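A.B. asks: Sending over coords_25.txt (compact mmCIF, C-alpha atoms).
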# COMPACT_ATOMS: atom_id res chain seq x y z
CA MET A 12 296.25 254.34 106.51
CA ASN A 13 298.78 255.24 103.82
CA ALA A 14 301.02 252.44 105.08
CA LEU A 15 298.09 249.98 105.16
CA TYR A 16 297.19 250.63 101.55
CA ASP A 17 300.80 250.54 100.49
CA THR A 18 300.55 246.90 101.68
CA ILE A 19 297.01 246.05 100.55
CA GLY A 20 297.66 247.76 97.26
CA LEU A 21 300.26 245.26 96.06
CA ASN A 22 297.71 243.29 93.98
CA TYR A 23 294.78 245.62 94.39
CA ALA A 24 294.22 246.55 90.76
CA ASN A 25 294.08 242.87 89.75
CA LEU A 26 291.58 241.90 92.43
CA ARG A 27 289.42 245.02 92.48
CA LYS A 28 288.25 245.37 88.89
CA PRO A 29 285.26 247.70 88.72
CA ASP A 30 281.93 246.04 88.01
CA LEU A 31 280.26 247.68 85.01
CA ARG A 32 276.78 247.42 86.53
CA ILE A 33 277.84 249.30 89.64
CA ALA A 34 279.79 251.75 87.49
CA ALA A 35 276.61 252.56 85.55
CA ARG A 36 274.83 253.50 88.79
CA ILE A 37 277.65 255.86 89.75
CA GLU A 38 277.79 257.37 86.26
CA GLN A 39 274.05 258.03 86.35
CA ALA A 40 274.28 259.66 89.78
CA LEU A 41 276.93 262.10 88.53
CA GLY A 42 274.44 263.50 86.04
CA SER A 43 275.75 265.90 83.43
CA ALA A 44 278.87 266.96 85.35
CA ARG A 45 281.80 267.63 83.05
CA THR A 46 284.58 268.06 85.64
CA VAL A 47 284.67 265.43 88.39
CA LEU A 48 286.88 264.99 91.45
CA ASN A 49 287.45 261.43 92.69
CA VAL A 50 288.45 261.48 96.37
CA GLY A 51 290.22 258.47 97.85
CA ALA A 52 290.57 257.30 94.27
CA GLY A 53 292.67 254.20 94.87
CA ALA A 54 293.77 252.66 91.59
CA GLY A 55 291.07 254.51 89.66
CA SER A 56 288.07 252.20 89.92
CA TYR A 57 284.71 253.62 88.82
CA GLU A 58 286.12 256.80 87.33
CA PRO A 59 283.65 257.77 84.60
CA THR A 60 284.75 258.14 81.01
CA LYS A 61 284.21 261.14 78.73
CA ARG A 62 284.61 263.57 81.63
CA GLN A 63 287.51 265.62 82.90
CA LEU A 64 288.75 263.70 85.94
CA THR A 65 290.98 264.71 88.82
CA ALA A 66 291.90 262.03 91.37
CA VAL A 67 293.18 262.46 94.92
CA GLU A 68 294.73 259.42 96.65
CA PRO A 69 297.04 259.21 99.69
CA SER A 70 298.80 255.93 98.84
CA ALA A 71 301.72 255.99 96.41
CA GLU A 72 301.32 252.24 95.84
CA MET A 73 297.73 252.69 94.72
CA ILE A 74 298.66 255.56 92.43
CA GLN A 75 301.35 253.44 90.78
CA GLN A 76 298.77 250.79 89.88
CA ARG A 77 296.60 253.18 87.91
CA ALA A 78 296.25 252.45 84.21
CA ALA A 79 297.69 255.06 81.88
CA SER A 80 295.13 257.82 81.24
CA ASP A 81 294.69 261.56 81.00
CA VAL A 82 293.37 261.77 84.58
CA THR A 83 295.14 264.34 86.75
CA VAL A 84 296.37 262.45 89.83
CA ILE A 85 297.41 264.13 93.06
CA GLN A 86 298.76 262.41 96.17
CA GLY A 87 296.77 263.87 99.04
CA SER A 88 293.94 263.34 101.51
CA ALA A 89 290.24 264.08 101.62
CA GLU A 90 290.65 266.22 104.71
CA ASP A 91 292.86 268.77 102.94
CA LEU A 92 291.93 269.02 99.28
CA PRO A 93 294.36 271.28 97.39
CA PHE A 94 291.75 273.05 95.26
CA ALA A 95 289.96 276.38 95.24
CA ASP A 96 286.31 276.66 96.24
CA LYS A 97 283.82 275.29 93.68
CA SER A 98 286.50 273.93 91.36
CA PHE A 99 284.49 270.91 90.11
CA ASP A 100 281.05 270.23 88.73
CA ALA A 101 280.78 267.07 90.85
CA SER A 102 282.79 264.95 93.22
CA MET A 103 282.70 261.27 94.15
CA ALA A 104 284.07 259.00 96.86
CA ILE A 105 283.75 255.26 96.27
CA LEU A 106 284.07 252.79 99.18
CA THR A 107 286.67 255.00 100.86
CA ILE A 108 285.13 257.20 103.56
CA HIS A 109 285.66 254.60 106.29
CA HIS A 110 289.41 255.11 105.89
CA TRP A 111 289.38 258.87 106.41
CA SER A 112 290.84 260.21 109.64
CA ASP A 113 288.13 262.90 109.93
CA GLN A 114 285.07 261.94 107.92
CA GLU A 115 283.08 265.11 108.49
CA LYS A 116 286.04 267.29 107.53
CA GLY A 117 286.62 265.27 104.37
CA VAL A 118 282.96 265.54 103.37
CA MET A 119 282.94 269.28 104.01
CA GLU A 120 286.10 269.64 101.92
CA MET A 121 284.29 267.89 99.08
CA ARG A 122 281.37 270.29 99.53
CA ARG A 123 283.75 273.27 99.47
CA VAL A 124 285.39 272.36 96.17
CA THR A 125 282.23 271.11 94.39
CA ARG A 126 279.64 273.21 92.57
CA GLY A 127 277.09 270.45 92.14
CA LYS A 128 276.54 266.77 92.86
CA ILE A 129 278.46 264.86 95.50
CA VAL A 130 278.20 261.07 95.22
CA PHE A 131 279.26 258.37 97.67
CA LEU A 132 279.22 254.61 97.36
CA THR A 133 279.23 253.51 100.97
CA TYR A 134 277.92 250.93 103.40
CA ASP A 135 275.03 251.27 105.85
CA PRO A 136 276.38 250.15 109.25
CA SER A 137 272.84 249.51 110.48
CA PHE A 138 272.29 246.85 107.81
CA ARG A 139 271.90 243.30 109.04
CA GLY A 140 271.57 240.21 106.92
CA PHE A 141 274.82 239.54 105.09
CA TRP A 142 275.74 235.95 105.95
CA LEU A 143 279.48 236.64 106.23
CA ALA A 144 278.84 238.18 109.65
CA ASP A 145 277.63 234.76 110.86
CA TYR A 146 281.22 233.59 110.54
CA PHE A 147 282.94 236.86 111.37
CA PRO A 148 280.64 238.68 113.81
CA GLU A 149 283.40 241.22 114.43
CA LEU A 150 282.48 242.70 111.05
CA VAL A 151 279.33 244.21 112.57
CA THR A 152 281.31 246.02 115.25
CA LEU A 153 283.92 247.10 112.72
CA ASP A 154 281.30 248.63 110.45
CA GLU A 155 279.67 250.43 113.35
CA GLU A 156 283.05 251.87 114.33
CA GLN A 157 284.28 252.80 110.85
CA MET A 158 281.29 253.69 108.72
CA PRO A 159 279.28 256.90 108.94
CA ARG A 160 275.59 256.42 109.56
CA ILE A 161 273.47 257.19 106.52
CA ALA A 162 271.88 260.05 108.50
CA ASP A 163 275.33 261.61 108.89
CA TYR A 164 275.51 262.42 105.20
CA GLU A 165 272.34 264.48 105.38
CA SER A 166 273.61 266.16 108.54
CA TRP A 167 276.80 267.16 106.74
CA LEU A 168 275.43 267.93 103.28
CA GLY A 169 271.73 268.63 103.51
CA PRO A 170 269.11 266.63 101.58
CA VAL A 171 270.45 263.50 99.89
CA ASP A 172 269.00 260.66 97.88
CA VAL A 173 269.87 257.19 99.17
CA SER A 174 269.41 254.02 97.13
CA ALA A 175 270.43 250.41 97.56
CA VAL A 176 273.13 249.03 95.26
CA PRO A 177 272.50 245.28 94.95
CA ILE A 178 275.68 243.29 94.35
CA PRO A 179 275.64 241.04 91.25
CA HIS A 180 276.24 237.35 91.88
CA ASP A 181 279.28 237.48 89.59
CA CYS A 182 280.59 240.86 90.72
CA THR A 183 284.01 241.57 89.24
CA ASP A 184 285.09 243.91 92.02
CA GLY A 185 286.52 241.99 94.95
CA PHE A 186 285.24 244.10 97.84
CA LEU A 187 283.91 242.49 100.99
CA ALA A 188 280.47 241.38 99.79
CA ALA A 189 281.46 240.62 96.18
CA TYR A 190 281.56 236.87 96.77
CA TRP A 191 278.24 236.46 98.57
CA GLN A 192 277.30 233.62 96.18
CA ARG A 193 280.88 232.29 95.92
CA PRO A 194 281.74 231.62 99.58
CA ALA A 195 284.85 229.54 98.94
CA ALA A 196 286.55 232.70 97.70
CA TYR A 197 286.79 233.97 101.29
CA LEU A 198 289.09 231.05 102.10
CA ASP A 199 291.63 232.41 99.59
CA GLU A 200 294.22 234.53 101.37
CA ARG A 201 294.94 236.43 98.17
CA VAL A 202 291.26 237.43 97.84
CA ARG A 203 291.06 238.53 101.47
CA ALA A 204 294.24 240.56 101.07
CA ALA A 205 292.35 243.07 98.89
CA MET A 206 289.67 243.59 101.56
CA SER A 207 290.59 246.15 104.19
CA SER A 208 288.06 244.68 106.64
CA PHE A 209 290.03 241.46 106.96
CA TRP A 210 293.21 243.43 107.59
CA ALA A 211 291.40 245.30 110.34
CA LEU A 212 290.07 242.11 111.96
CA GLY A 213 293.49 240.51 112.28
CA ASN A 214 293.39 236.81 113.15
CA VAL A 215 290.31 235.33 111.44
CA SER A 216 291.33 231.67 111.61
CA GLU A 217 288.35 230.64 113.74
CA GLY A 218 285.83 232.06 111.29
CA LEU A 219 287.68 230.63 108.32
CA GLY A 220 287.71 227.21 109.94
CA LYS A 221 283.95 227.30 110.52
CA LEU A 222 283.30 228.44 106.96
CA GLU A 223 285.51 225.75 105.47
CA THR A 224 283.84 223.07 107.59
CA ASP A 225 280.37 224.21 106.53
CA LEU A 226 281.36 224.34 102.86
CA ASN A 227 282.82 220.84 102.97
CA SER A 228 279.83 219.38 104.82
CA GLY A 229 277.22 221.12 102.69
CA ALA A 230 275.86 223.00 105.70
CA TRP A 231 276.50 226.37 104.09
CA ALA A 232 274.61 225.45 100.92
CA GLN A 233 271.71 224.12 102.97
CA ARG A 234 271.56 227.13 105.30
CA TYR A 235 271.77 229.71 102.52
CA SER A 236 270.07 227.79 99.71
CA GLN A 237 267.79 230.76 99.01
CA LEU A 238 270.81 232.71 97.74
CA LEU A 239 272.01 230.22 95.17
CA ASN A 240 269.69 231.23 92.32
CA LEU A 241 269.61 234.97 92.87
CA GLU A 242 271.04 237.34 90.27
CA ASP A 243 271.96 239.99 92.85
CA LEU A 244 271.61 240.70 96.56
CA ASP A 245 271.27 243.70 98.82
CA CYS A 246 274.29 243.40 101.10
CA GLY A 247 274.01 246.87 102.64
CA TYR A 248 275.80 249.01 100.06
CA ARG A 249 274.22 252.39 99.40
CA LEU A 250 274.57 255.14 96.84
CA VAL A 251 274.26 258.53 98.52
CA ALA A 252 273.96 261.61 96.31
CA THR A 253 273.18 265.24 97.04
CA ARG A 254 270.05 266.62 95.43
Would you kindly transcribe this structure into structure tokens?

C.D. replies:
Amino acid sequence: MNALYDTIGLNYANLRKPDLRIAARIEQALGSARTVLNVGAGAGSYEPTKRQLTAVEPSAEMIQQRAASDVTVIQGSAEDLPFADKSFDASMAILTIHHWSDQEKGVMEMRRVTRGKIVFLTYDPSFRGFWLADYFPELVTLDEEQMPRIADYESWLGPVDVSAVPIPHDCTDGFLAAYWQRPAAYLDERVRAAMSSFWALGNVSEGLGKLETDLNSGAWAQRYSQLLNLEDLDCGYRLVATR
């Protein structure tokens, strides 16, 4: 996974700019925590301001793309956090757990080093309804293989609050569902390059061809016309936070 993100990460910071509306949800979930650990921190997206931040990230390429700040950055993995027990008021992991080699171990490491809230932005693999899977049905299988079930978080951590995170129609963060109202973006190789799911799928030429044909013919707009005037959409993303 380090090697994958050393490749994906080449233009990651430019394509994955945190969306302020999603950031506000994460900030709220962290509550009054003063010291926060960001696990699988990538290039630093969604790290809250006005708090003492420590970031752990395995990829050197991602670390190099971080903006200058006073955040303490450590190259390392979720499964072996180099901190004493209860070192942080809160910890967070944003769209990263599907890349961990041992998800339960990583979550329990976060529990070990955290005194209070633990917050995840993740994806519910049981969700159905995002149109992109009509063109790339392999995404459903990939999510089922990679993503923890929502019930797993409660199994690992005890009671959690789970809430939907609708994706704005003009989302600035180029993760997989960010372009649900801008389908032509998925035809752009540069855009797909910042989405780990497309790297995992490999050859997606058949799906891209179908999507391009439907966009050119107007079939996509006709089939999904109900989406065109929405401000946001539930695409299966969930905020999970310990109580």

A.B. asks: Could you tell me how far CA of Gln114 (chain A) lies from CA of Ser88 (chain A), in Å and to one decimal?

C.D. replies: 11.0 Å

A.B. asks: Between A:Gly169, A:Gly42, A:Ile161, A:Leu106, which has the minimum distance to Asp184 (chain A) (counting all atoms listed in the file)?

C.D. replies: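 Checking each of A:Gly169, A:Gly42, A:Ile161, A:Leu106 against Asp184 (chain A), counting all atoms listed in the file, the winner is A:Leu106.
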
A.B. asks: Mind checking which residues fall within 8 Å of Thr183 (chain A), counting all atoms listed in the file, ignoring those fewer than 5 positions away in the same chain, and posting them as a list of chain:residue names?

C.D. replies: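 With the cut-off at 8 Å, the set is A:Arg27, A:Lys28, A:Pro29, A:Asp30, A:Ala189.
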
A.B. asks: Around all the atoms of region 215-223 of chain A listed in the file, draw an axis-aligned box and extend it by 6 Å on each of the six sides; I want its centre and edge lengths in Å to one decimal, as AutoDock Vina command-line options.

C.D. replies:
--center_x 287.3 --center_y 230.5 --center_z 109.6 --size_x 20.0 --size_y 21.6 --size_z 20.3

A.B. asks: Can you pull out the residues contacting region 142-147 of chain A? Cut-off 7 Å, using all atoms listed in the file, and skip same-chain residues under 3 positions away; I want them as a VMD selection string.

C.D. replies: chain A and resid 150 to 151 218 221 to 222

A.B. asks: Could you save those same residues with C-alpha atoms as a PDB file, keeping the file's coordinate frame?

C.D. replies:
ATOM      1  CA  LEU A 150     282.480 242.700 111.050  1.00  0.00           C
ATOM      2  CA  VAL A 151     279.330 244.210 112.570  1.00  0.00           C
ATOM      3  CA  GLY A 218     285.830 232.060 111.290  1.00  0.00           C
ATOM      4  CA  LYS A 221     283.950 227.300 110.520  1.00  0.00           C
ATOM      5  CA  LEU A 222     283.300 228.440 106.960  1.00  0.00           C
TER       6      LEU A 222
END

A.B. asks: Rank A:Ile74, A:Leu187, A:Leu219, A:Val251 by their smallest atom-to-atom distance to Leu41 (chain A), using all atoms listed in the file, and report the top residue only.

C.D. replies: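 Once distances to Leu41 (chain A) are computed over all atoms listed in the file, the minimum belongs to A:Val251.
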
A.B. asks: Enter the distance from CA of Phe138 (chain A) to CA of Asp154 (chain A), in Å, rounded to one decimal.

C.D. replies: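 CA of Phe138 (chain A) sits 9.6 Å away from CA of Asp154 (chain A).
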
A.B. asks: Find, counting all atoms listed in the file, the residue in A:Arg62, A:His180, A:Arg123, A:Arg193 that gets nearest to Ser98 (chain A).

C.D. replies: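 Closest candidate: A:Arg123.
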
A.B. asks: May I ask for the distance between CA of Ser216 (chain A) and CA of Arg203 (chain A), given in Å to one decimal place?

C.D. replies: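 Separating CA of Ser216 (chain A) from CA of Arg203 (chain A) is a distance of 12.2 Å.
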
A.B. asks: Counting all atoms listed in the file, write as number ranges by chain all protein and nucleic acid residues lying at most 12 Å from (289.3, 273.6, 94.9) in the file's frame.

C.D. replies: A: 46-48, 65, 67, 89, 91-102, 119-126

A.B. asks: Pick out the closest residue to Met206 (chain A) from this set: A:Glu223, A:Pro177, A:Thr107, A:Ala66. Count all atoms listed in the file.

C.D. replies: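 Checking each of A:Glu223, A:Pro177, A:Thr107, A:Ala66 against Met206 (chain A), counting all atoms listed in the file, the winner is A:Thr107.
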
A.B. asks: Could you please give me, as a list in words, the residues of protein, DNA or RNA lying at most 8 Å from (272.8, 237.5, 87.9) in the coordinate frame of the file, considering all atoms listed in the file?

C.D. replies: Pro179, His180, Asp181, Leu241, Glu242 and Asp243 of chain A

A.B. asks: Using only C-alpha atoms for the distances, tell me which of A:Ala44, A:Ile108, A:Val173, A:Leu226 is nearest to Thr253 (chain A).

C.D. replies: A:Val173

A.B. asks: Would you please work out which residue, of A:Ser207, A:Ala78, A:Val50, A:Trp191, is nearest to Tyr235 (chain A) when using only C-alpha atoms?

C.D. replies: A:Trp191

A.B. asks: Just the residues within 9 Å of Arg201 (chain A), please, counting all atoms listed in the file, with nothing from its chain fewer than 3 positions along; format it as an NGL selection string.

C.D. replies: :A and (22 or 26 or 198 or 204-205)
